[in-house]
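Take a look at the structure below.
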Amino acid sequence: MCQPAAAPRARGCRRGHPHGRRPNARRALTAAGALLSLLTLSGCFGSPKDDSGHHASLAGRPKQRPKSTIPYWVNPDGSAARQVAAYRRKGADDEARLVQKIAEQPVAEWLGVDHPEGRARGFTKAADQVDRDALLVFYSIPHRDCGQYSKGGAVDGDAYRAWLDRAVRGIGDRRATVILEPDALPHVVDGCTPKRFHAERYDLLTGAVDKLKGLPHTKVYLDAGNPHWIKDPRRMAGPLKRAGIGKADGFALNTSNYQTTRANTVYGKRLSALVGGKPFVIDTSRNGNGPAPGKNDPQAWCNPKGRALGERPTTETGDKLVDAYLWIKRPGESDGTCKGGPTAGRWWPRYALDLARNAIRRAG
């Protein structure tokens, strides 16, 4: 199985609005025949496809969504899919059906410090094999998460540049969309990242945008927080411009947070008007019930109860400025060691069940 980047992810700055994220412990890639040896070298193993082009393995494995609705790859051996298989083996059919609602959607694959080239190549090859695009998150910026739940990242700027070169080589000429460095800019704006690191951070982000846009089929969205974190979009506009929004395809909102789609859309349009009309994407993975109510919990962002899956990933948003609703945070993975959760980024079956169950109740 593939070992994703080591450090979990959450945001924990006192002045910000933290939110958990980051890749889970183990995530397998799937590919056919000719790719198997490459994925094995990358630390992964694959499973064969059936005649329809879908990956064939355990009965009921998730298949690819229609490209017209969402072009991104569904990993048929992700954490949710493995949980579904485990529930079925022990006859827990109701639980399996609930978690299947997560397993059947494309979710982002997070690239941290470890093995960026092999993992980027493996994910993009697996997606390309079934004529889909890879959805990736680059998450290795130095001084990541201000030393909180998801601290880590490259040790310095030179290490990040080398990491970036490897990740870019891994993508190559295959189709990919990259959400670039969640929290990196908002943590500059809110002061959580010390000032002495700001100039370097801007340089690293602009360099990343340049290199990714130098690839033939890669889109790039700079992370811009959420409307409950940097509440005045004018504070985000300048940093986005300095970080290379002019060359990027747009910006990303609500990564790993719970703010409503409507709130993000309103905020995103205000921010777009300040940065040349750039479009944006919204993370809808867990915002079905919006943020947790009340103001008494200083960690309301961390594994809040009663949350639900949001809109399914789609490029059919009905709004020309909203490029897509995406599941950037992987539903079912913990925000951090709060409210009984495991470390950030670890798969948490109970939370996955709650998200899916609450989505059904909301729809009903």
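Identifiers for the structure tokens are assigned positionally: chains receive A, B, ... in sequence, residues are indexed from 1 per chain, and ligands are indexed from 1 in the order shown.
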Env of Ala199 (chain A): 12 Å cut, atoms = only C-alpha atoms, seq-sep filter 5 positions within chain, self excluded. Answer as a PDB file with C-alpha atoms, in the first residue's frame.
```
ATOM      1  CA  GLY A 157      13.181  26.862   1.191  1.00  0.00           C
ATOM      2  CA  LEU A 185      -1.349  32.331   2.678  1.00  0.00           C
ATOM      3  CA  VAL A 188       0.630  34.893   6.626  1.00  0.00           C
ATOM      4  CA  THR A 193       3.440  32.478  10.484  1.00  0.00           C
ATOM      5  CA  PRO A 194       6.261  34.710  11.803  1.00  0.00           C
ATOM      6  CA  LEU A 204       8.087  29.548  -2.821  1.00  0.00           C
ATOM      7  CA  LEU A 205       4.436  29.930  -3.785  1.00  0.00           C
ATOM      8  CA  THR A 206       5.134  32.010  -6.892  1.00  0.00           C
ATOM      9  CA  PRO A 239      -1.269  38.201  -0.670  1.00  0.00           C
ATOM     10  CA  ARG A 242       1.938  38.470  -4.493  1.00  0.00           C
ATOM     11  CA  ALA A 243       1.746  34.666  -4.486  1.00  0.00           C
TER      12      ALA A 243
END
```
Set the distance at 8 Å and use only C-alpha atoms: which residues neighbour Leu271 (chain A) once local chain neighbours fewer than 2 positions away are removed? I'd like the list as a PDB file with all heavy atoms, in the first residue's frame.
```
ATOM      1  N   PRO A 233     -12.263  40.029   2.572  1.00  0.00           N
ATOM      2  CA  PRO A 233     -11.513  39.534   1.418  1.00  0.00           C
ATOM      3  C   PRO A 233     -10.433  40.487   0.937  1.00  0.00           C
ATOM      4  O   PRO A 233      -9.480  40.068   0.272  1.00  0.00           O
ATOM      5  CB  PRO A 233     -12.593  39.329   0.348  1.00  0.00           C
ATOM      6  CG  PRO A 233     -13.734  40.162   0.770  1.00  0.00           C
ATOM      7  CD  PRO A 233     -13.699  40.188   2.259  1.00  0.00           C
ATOM      8  N   ARG A 234     -10.528  41.758   1.308  1.00  0.00           N
ATOM      9  CA  ARG A 234      -9.488  42.701   0.904  1.00  0.00           C
ATOM     10  C   ARG A 234      -8.148  42.338   1.536  1.00  0.00           C
ATOM     11  O   ARG A 234      -7.097  42.645   0.973  1.00  0.00           O
ATOM     12  CB  ARG A 234      -9.897  44.127   1.286  1.00  0.00           C
ATOM     13  CG  ARG A 234     -11.075  44.662   0.478  1.00  0.00           C
ATOM     14  CD  ARG A 234     -11.541  46.008   0.986  1.00  0.00           C
ATOM     15  NE  ARG A 234     -12.072  45.907   2.348  1.00  0.00           N
ATOM     16  CZ  ARG A 234     -12.621  46.923   3.009  1.00  0.00           C
ATOM     17  NH1 ARG A 234     -12.713  48.122   2.419  1.00  0.00           N
ATOM     18  NH2 ARG A 234     -13.080  46.756   4.236  1.00  0.00           N
ATOM     19  N   MET A 236      -7.066  39.323   1.866  1.00  0.00           N
ATOM     20  CA  MET A 236      -6.518  38.192   1.125  1.00  0.00           C
ATOM     21  C   MET A 236      -6.063  38.575  -0.279  1.00  0.00           C
ATOM     22  O   MET A 236      -5.211  37.900  -0.872  1.00  0.00           O
ATOM     23  CB  MET A 236      -7.561  37.078   0.995  1.00  0.00           C
ATOM     24  CG  MET A 236      -7.664  36.158   2.195  1.00  0.00           C
ATOM     25  SD  MET A 236      -6.121  35.315   2.637  1.00  0.00           S
ATOM     26  CE  MET A 236      -5.655  34.570   1.070  1.00  0.00           C
ATOM     27  N   ALA A 237      -6.610  39.640  -0.826  1.00  0.00           N
ATOM     28  CA  ALA A 237      -6.353  39.974  -2.232  1.00  0.00           C
ATOM     29  C   ALA A 237      -4.880  40.257  -2.498  1.00  0.00           C
ATOM     30  O   ALA A 237      -4.288  39.716  -3.452  1.00  0.00           O
ATOM     31  CB  ALA A 237      -7.208  41.170  -2.644  1.00  0.00           C
ATOM     32  N   TYR A 267     -18.444  35.080  -0.535  1.00  0.00           N
ATOM     33  CA  TYR A 267     -17.095  35.549  -0.216  1.00  0.00           C
ATOM     34  C   TYR A 267     -16.182  35.436  -1.437  1.00  0.00           C
ATOM     35  O   TYR A 267     -15.428  36.352  -1.761  1.00  0.00           O
ATOM     36  CB  TYR A 267     -16.544  34.712   0.940  1.00  0.00           C
ATOM     37  CG  TYR A 267     -15.153  35.078   1.389  1.00  0.00           C
ATOM     38  CD1 TYR A 267     -14.948  36.036   2.372  1.00  0.00           C
ATOM     39  CD2 TYR A 267     -14.036  34.446   0.847  1.00  0.00           C
ATOM     40  CE1 TYR A 267     -13.664  36.356   2.806  1.00  0.00           C
ATOM     41  CE2 TYR A 267     -12.754  34.764   1.270  1.00  0.00           C
ATOM     42  CZ  TYR A 267     -12.577  35.721   2.251  1.00  0.00           C
ATOM     43  OH  TYR A 267     -11.305  36.036   2.672  1.00  0.00           O
ATOM     44  N   GLY A 268     -16.269  34.296  -2.124  1.00  0.00           N
ATOM     45  CA  GLY A 268     -15.407  34.065  -3.273  1.00  0.00           C
ATOM     46  C   GLY A 268     -15.626  35.083  -4.375  1.00  0.00           C
ATOM     47  O   GLY A 268     -14.674  35.519  -5.034  1.00  0.00           O
ATOM     48  N   LYS A 269     -16.864  35.493  -4.597  1.00  0.00           N
ATOM     49  CA  LYS A 269     -17.142  36.487  -5.635  1.00  0.00           C
ATOM     50  C   LYS A 269     -16.576  37.853  -5.253  1.00  0.00           C
ATOM     51  O   LYS A 269     -16.064  38.588  -6.123  1.00  0.00           O
ATOM     52  CB  LYS A 269     -18.640  36.568  -5.886  1.00  0.00           C
ATOM     53  CG  LYS A 269     -19.180  35.351  -6.616  1.00  0.00           C
ATOM     54  CD  LYS A 269     -20.667  35.483  -6.913  1.00  0.00           C
ATOM     55  CE  LYS A 269     -21.137  34.311  -7.757  1.00  0.00           C
ATOM     56  NZ  LYS A 269     -22.563  34.404  -8.105  1.00  0.00           N
ATOM     57  N   ALA A 273     -13.424  39.582  -7.473  1.00  0.00           N
ATOM     58  CA  ALA A 273     -13.467  40.924  -8.044  1.00  0.00           C
ATOM     59  C   ALA A 273     -12.210  41.731  -7.719  1.00  0.00           C
ATOM     60  O   ALA A 273     -11.879  42.687  -8.431  1.00  0.00           O
ATOM     61  CB  ALA A 273     -14.700  41.669  -7.534  1.00  0.00           C
ATOM     62  N   LEU A 274     -11.507  41.319  -6.665  1.00  0.00           N
ATOM     63  CA  LEU A 274     -10.298  42.026  -6.244  1.00  0.00           C
ATOM     64  C   LEU A 274      -9.035  41.460  -6.880  1.00  0.00           C
ATOM     65  O   LEU A 274      -7.961  42.057  -6.761  1.00  0.00           O
ATOM     66  CB  LEU A 274     -10.168  41.963  -4.717  1.00  0.00           C
ATOM     67  CG  LEU A 274     -11.305  42.595  -3.905  1.00  0.00           C
ATOM     68  CD1 LEU A 274     -11.157  42.268  -2.429  1.00  0.00           C
ATOM     69  CD2 LEU A 274     -11.334  44.110  -4.117  1.00  0.00           C
ATOM     70  N   VAL A 275      -9.149  40.302  -7.528  1.00  0.00           N
ATOM     71  CA  VAL A 275      -7.956  39.655  -8.098  1.00  0.00           C
ATOM     72  C   VAL A 275      -8.169  39.341  -9.583  1.00  0.00           C
ATOM     73  O   VAL A 275      -7.778  38.275 -10.075  1.00  0.00           O
ATOM     74  CB  VAL A 275      -7.559  38.390  -7.313  1.00  0.00           C
ATOM     75  CG1 VAL A 275      -7.079  38.751  -5.922  1.00  0.00           C
ATOM     76  CG2 VAL A 275      -8.718  37.387  -7.239  1.00  0.00           C
TER      77      VAL A 275
END
```
Do a neighbour search on Gly294 (chain A) at 12 Å with only C-alpha atoms, toss out local chain neighbours closer than 6 positions, and write the hits as a list in words.
-> Ala300, Trp301 and Pro304 of chain A
Just the selected residues (C-alpha atoms), exported as a short mmCIF file (atom, residue, chain, number, x, y, z; two decimals), in the first residue's frame, please.
```
data_model
loop_
_atom_site.label_atom_id
_atom_site.label_comp_id
_atom_site.auth_asym_id
_atom_site.auth_seq_id
_atom_site.Cartn_x
_atom_site.Cartn_y
_atom_site.Cartn_z
CA ALA A 300 -15.20 24.34 16.94
CA TRP A 301 -13.31 23.56 13.73
CA PRO A 304 -17.41 19.07 15.40
#
```
Can you list, as a PyMOL selection string, all residues belonging to region 96-151 of chain A that DSSP tags as strand (DSSP E or B)?
-> chain A and resi 107+109-111+133-138+144
Just list the residues in region 203-312 of chain A DSSP gives alpha helix (DSSP H) on the backbone, as a ChimeraX atom specification.
-> /A:203-213,233-242,261-274
Hey, could you make a per-residue contact list for region 292-329 of chain A against region 335-358 of chain A with 6 Å as the cut-off, showing the nearest pair of atoms and its distance in Å to one decimal, counting only C-alpha atoms, sorted by chain and number, as a Markdown table?
```
| residue | atom | partner | partner_atom | distance |
| --- | --- | --- | --- | --- |
| A:Cys302 | CA | A:Asp335 | CA | 5.3 |
| A:Asn303 | CA | A:Asp335 | CA | 5.6 |
| A:Arg307 | CA | A:Leu355 | CA | 5.8 |
| A:Ala308 | CA | A:Leu355 | CA | 4.2 |
| A:Leu309 | CA | A:Leu355 | CA | 5.3 |
```
Filtering to all heavy atoms, could you give me those residues as a tab-separated table (two decimals), in the first residue's frame?
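The resulting file, selection-v1.tsv, is reproduced below:
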```
chain	number	residue	atom	x	y	z
A	302	CYS	N	-12.61	21.58	14.98
A	302	CYS	CA	-11.95	20.28	15.13
A	302	CYS	C	-12.97	19.18	15.46
A	302	CYS	O	-13.51	19.13	16.57
A	302	CYS	CB	-10.89	20.35	16.22
A	302	CYS	SG	-9.78	18.92	16.25
A	303	ASN	N	-13.25	18.33	14.46
A	303	ASN	CA	-14.17	17.21	14.62
A	303	ASN	C	-15.50	17.60	15.25
A	303	ASN	O	-15.99	16.93	16.17
A	303	ASN	CB	-13.53	16.10	15.46
A	303	ASN	CG	-12.25	15.56	14.85
A	303	ASN	OD1	-12.13	15.44	13.63
A	303	ASN	ND2	-11.28	15.22	15.69
A	307	ARG	N	-21.99	17.24	11.90
A	307	ARG	CA	-21.71	17.74	10.55
A	307	ARG	C	-22.11	16.68	9.52
A	307	ARG	O	-22.33	15.53	9.84
A	307	ARG	CB	-20.23	18.07	10.39
A	307	ARG	CG	-19.66	19.13	11.35
A	307	ARG	CD	-20.51	20.38	11.43
A	307	ARG	NE	-21.49	20.28	12.52
A	307	ARG	CZ	-22.62	20.95	12.59
A	307	ARG	NH1	-22.95	21.77	11.60
A	307	ARG	NH2	-23.43	20.82	13.61
A	308	ALA	N	-22.20	17.10	8.26
A	308	ALA	CA	-22.69	16.22	7.21
A	308	ALA	C	-21.89	16.42	5.92
A	308	ALA	O	-21.32	17.49	5.69
A	308	ALA	CB	-24.17	16.50	6.93
A	309	LEU	N	-21.88	15.39	5.09
A	309	LEU	CA	-21.32	15.53	3.76
A	309	LEU	C	-22.05	16.65	3.03
A	309	LEU	O	-23.26	16.82	3.18
A	309	LEU	CB	-21.48	14.23	2.97
A	309	LEU	CG	-20.83	12.98	3.56
A	309	LEU	CD1	-21.23	11.76	2.73
A	309	LEU	CD2	-19.31	13.13	3.61
```
Per residue of region 84-123 of chain A within 10 Å of region 135-140 of chain A, what are the shortest atom pair and its distance in Å to one decimal, counting only C-alpha atoms, with rows by chain and residue number, as CSV?
```
residue,atom,partner,partner_atom,distance
A:Pro106,CA,A:Leu135,CA,8.0
A:Val107,CA,A:Leu135,CA,7.2
A:Ala108,CA,A:Leu135,CA,5.0
A:Glu109,CA,A:Leu136,CA,4.9
A:Trp110,CA,A:Val137,CA,4.6
A:Leu111,CA,A:Phe138,CA,5.2
A:Gly112,CA,A:Ser140,CA,5.0
A:Val113,CA,A:Ser140,CA,5.6
A:Asp114,CA,A:Ser140,CA,9.2
A:Pro116,CA,A:Phe138,CA,9.0
A:Ala120,CA,A:Leu136,CA,8.0
A:Phe123,CA,A:Leu136,CA,8.5
```
Selection to disk with N, CA, C and O atoms, as a PDB file, in the first residue's frame:
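Output contents, as saved in out-v1.pdb:
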```
ATOM      1  N   PRO A 106     -14.757  11.204  -5.972  1.00  0.00           N
ATOM      2  CA  PRO A 106     -13.338  11.549  -6.071  1.00  0.00           C
ATOM      3  C   PRO A 106     -12.935  12.476  -4.934  1.00  0.00           C
ATOM      4  O   PRO A 106     -13.632  13.460  -4.655  1.00  0.00           O
ATOM      5  N   VAL A 107     -11.869  12.135  -4.267  1.00  0.00           N
ATOM      6  CA  VAL A 107     -11.336  12.995  -3.208  1.00  0.00           C
ATOM      7  C   VAL A 107      -9.873  13.289  -3.523  1.00  0.00           C
ATOM      8  O   VAL A 107      -9.221  12.551  -4.261  1.00  0.00           O
ATOM      9  N   ALA A 108      -9.358  14.354  -2.970  1.00  0.00           N
ATOM     10  CA  ALA A 108      -7.993  14.770  -3.257  1.00  0.00           C
ATOM     11  C   ALA A 108      -6.985  13.810  -2.634  1.00  0.00           C
ATOM     12  O   ALA A 108      -7.219  13.246  -1.564  1.00  0.00           O
ATOM     13  N   GLU A 109      -5.876  13.665  -3.311  1.00  0.00           N
ATOM     14  CA  GLU A 109      -4.736  12.922  -2.784  1.00  0.00           C
ATOM     15  C   GLU A 109      -3.688  13.943  -2.343  1.00  0.00           C
ATOM     16  O   GLU A 109      -3.284  14.801  -3.114  1.00  0.00           O
ATOM     17  N   TRP A 110      -3.274  13.830  -1.081  1.00  0.00           N
ATOM     18  CA  TRP A 110      -2.376  14.828  -0.488  1.00  0.00           C
ATOM     19  C   TRP A 110      -0.928  14.382  -0.611  1.00  0.00           C
ATOM     20  O   TRP A 110      -0.589  13.245  -0.249  1.00  0.00           O
ATOM     21  N   LEU A 111      -0.080  15.275  -1.088  1.00  0.00           N
ATOM     22  CA  LEU A 111       1.353  15.009  -1.191  1.00  0.00           C
ATOM     23  C   LEU A 111       2.077  15.817  -0.126  1.00  0.00           C
ATOM     24  O   LEU A 111       2.072  17.048  -0.157  1.00  0.00           O
ATOM     25  N   GLY A 112       2.679  15.103   0.818  1.00  0.00           N
ATOM     26  CA  GLY A 112       3.487  15.748   1.838  1.00  0.00           C
ATOM     27  C   GLY A 112       4.961  15.546   1.541  1.00  0.00           C
ATOM     28  O   GLY A 112       5.379  15.415   0.391  1.00  0.00           O
ATOM     29  N   VAL A 113       5.754  15.485   2.583  1.00  0.00           N
ATOM     30  CA  VAL A 113       7.208  15.486   2.425  1.00  0.00           C
ATOM     31  C   VAL A 113       7.717  14.257   1.685  1.00  0.00           C
ATOM     32  O   VAL A 113       8.617  14.346   0.849  1.00  0.00           O
ATOM     33  N   ASP A 114       7.141  13.101   1.941  1.00  0.00           N
ATOM     34  CA  ASP A 114       7.734  11.848   1.480  1.00  0.00           C
ATOM     35  C   ASP A 114       7.324  11.485   0.054  1.00  0.00           C
ATOM     36  O   ASP A 114       6.156  11.557  -0.317  1.00  0.00           O
ATOM     37  N   PRO A 116       7.427  12.556  -3.168  1.00  0.00           N
ATOM     38  CA  PRO A 116       6.508  13.342  -4.008  1.00  0.00           C
ATOM     39  C   PRO A 116       6.502  12.899  -5.471  1.00  0.00           C
ATOM     40  O   PRO A 116       5.443  12.896  -6.109  1.00  0.00           O
ATOM     41  N   ALA A 120       3.129  11.364  -7.007  1.00  0.00           N
ATOM     42  CA  ALA A 120       2.479  12.161  -8.050  1.00  0.00           C
ATOM     43  C   ALA A 120       2.376  11.364  -9.343  1.00  0.00           C
ATOM     44  O   ALA A 120       1.342  11.388 -10.023  1.00  0.00           O
ATOM     45  N   PHE A 123      -0.392   8.503  -8.834  1.00  0.00           N
ATOM     46  CA  PHE A 123      -1.779   8.978  -8.866  1.00  0.00           C
ATOM     47  C   PHE A 123      -2.180   9.452 -10.259  1.00  0.00           C
ATOM     48  O   PHE A 123      -3.282   9.159 -10.732  1.00  0.00           O
TER      49      PHE A 123
END
```
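Nearest residue to Asp165 (chain A) among A:His187, A:Lys211, A:His143, A:Arg262 is A:Lys211, counting only C-alpha atoms.
Of the listed residues (A:Arg174, A:His228, A:Arg144, A:Arg119), A:Arg144 comes nearest to Tyr160 (chain A); the distances count only C-alpha atoms.
Pairwise distance (CA of Ile141 (chain A), CA of Ala154 (chain A)) equals 5.8 Å.
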Using only C-alpha atoms, what does the table of region 154-221 of chain A residues within 12 Å of region 70-93 of chain A look like, with each row giving the shortest atom pair and its distance in Å to one decimal, sorted by chain and ascending number, as JSON lines?
```
{"residue": "A:Arg175", "atom": "CA", "partner": "A:Tyr72", "partner_atom": "CA", "distance": 9.5}
{"residue": "A:Ala176", "atom": "CA", "partner": "A:Tyr72", "partner_atom": "CA", "distance": 8.6}
{"residue": "A:Thr177", "atom": "CA", "partner": "A:Tyr72", "partner_atom": "CA", "distance": 8.8}
{"residue": "A:Val178", "atom": "CA", "partner": "A:Tyr72", "partner_atom": "CA", "distance": 11.7}
```
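Between Gly246 (chain A) and the residues A:Lys305, A:His217, A:Lys278, A:Arg270, the shortest atom-to-atom distance, using only C-alpha atoms, involves A:Lys278.
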For Gln105 (chain A), the nearest of the candidates A:Gly250, A:Gly277, A:Gly118, A:Gly310, counting only C-alpha atoms | A:Gly310
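When the distance limit is 7 Å and only C-alpha atoms are what count, the residues near Ile171 (chain A), minus those fewer than 2 positions from it on the same chain, are Ala120, Arg121, Thr124, Ala167, Val168, Arg169, Asp173 and Arg174 of chain A.
Counting from CA of Asp203 (chain A), the distance to CA of Ala324 (chain A) is 27.5 Å.
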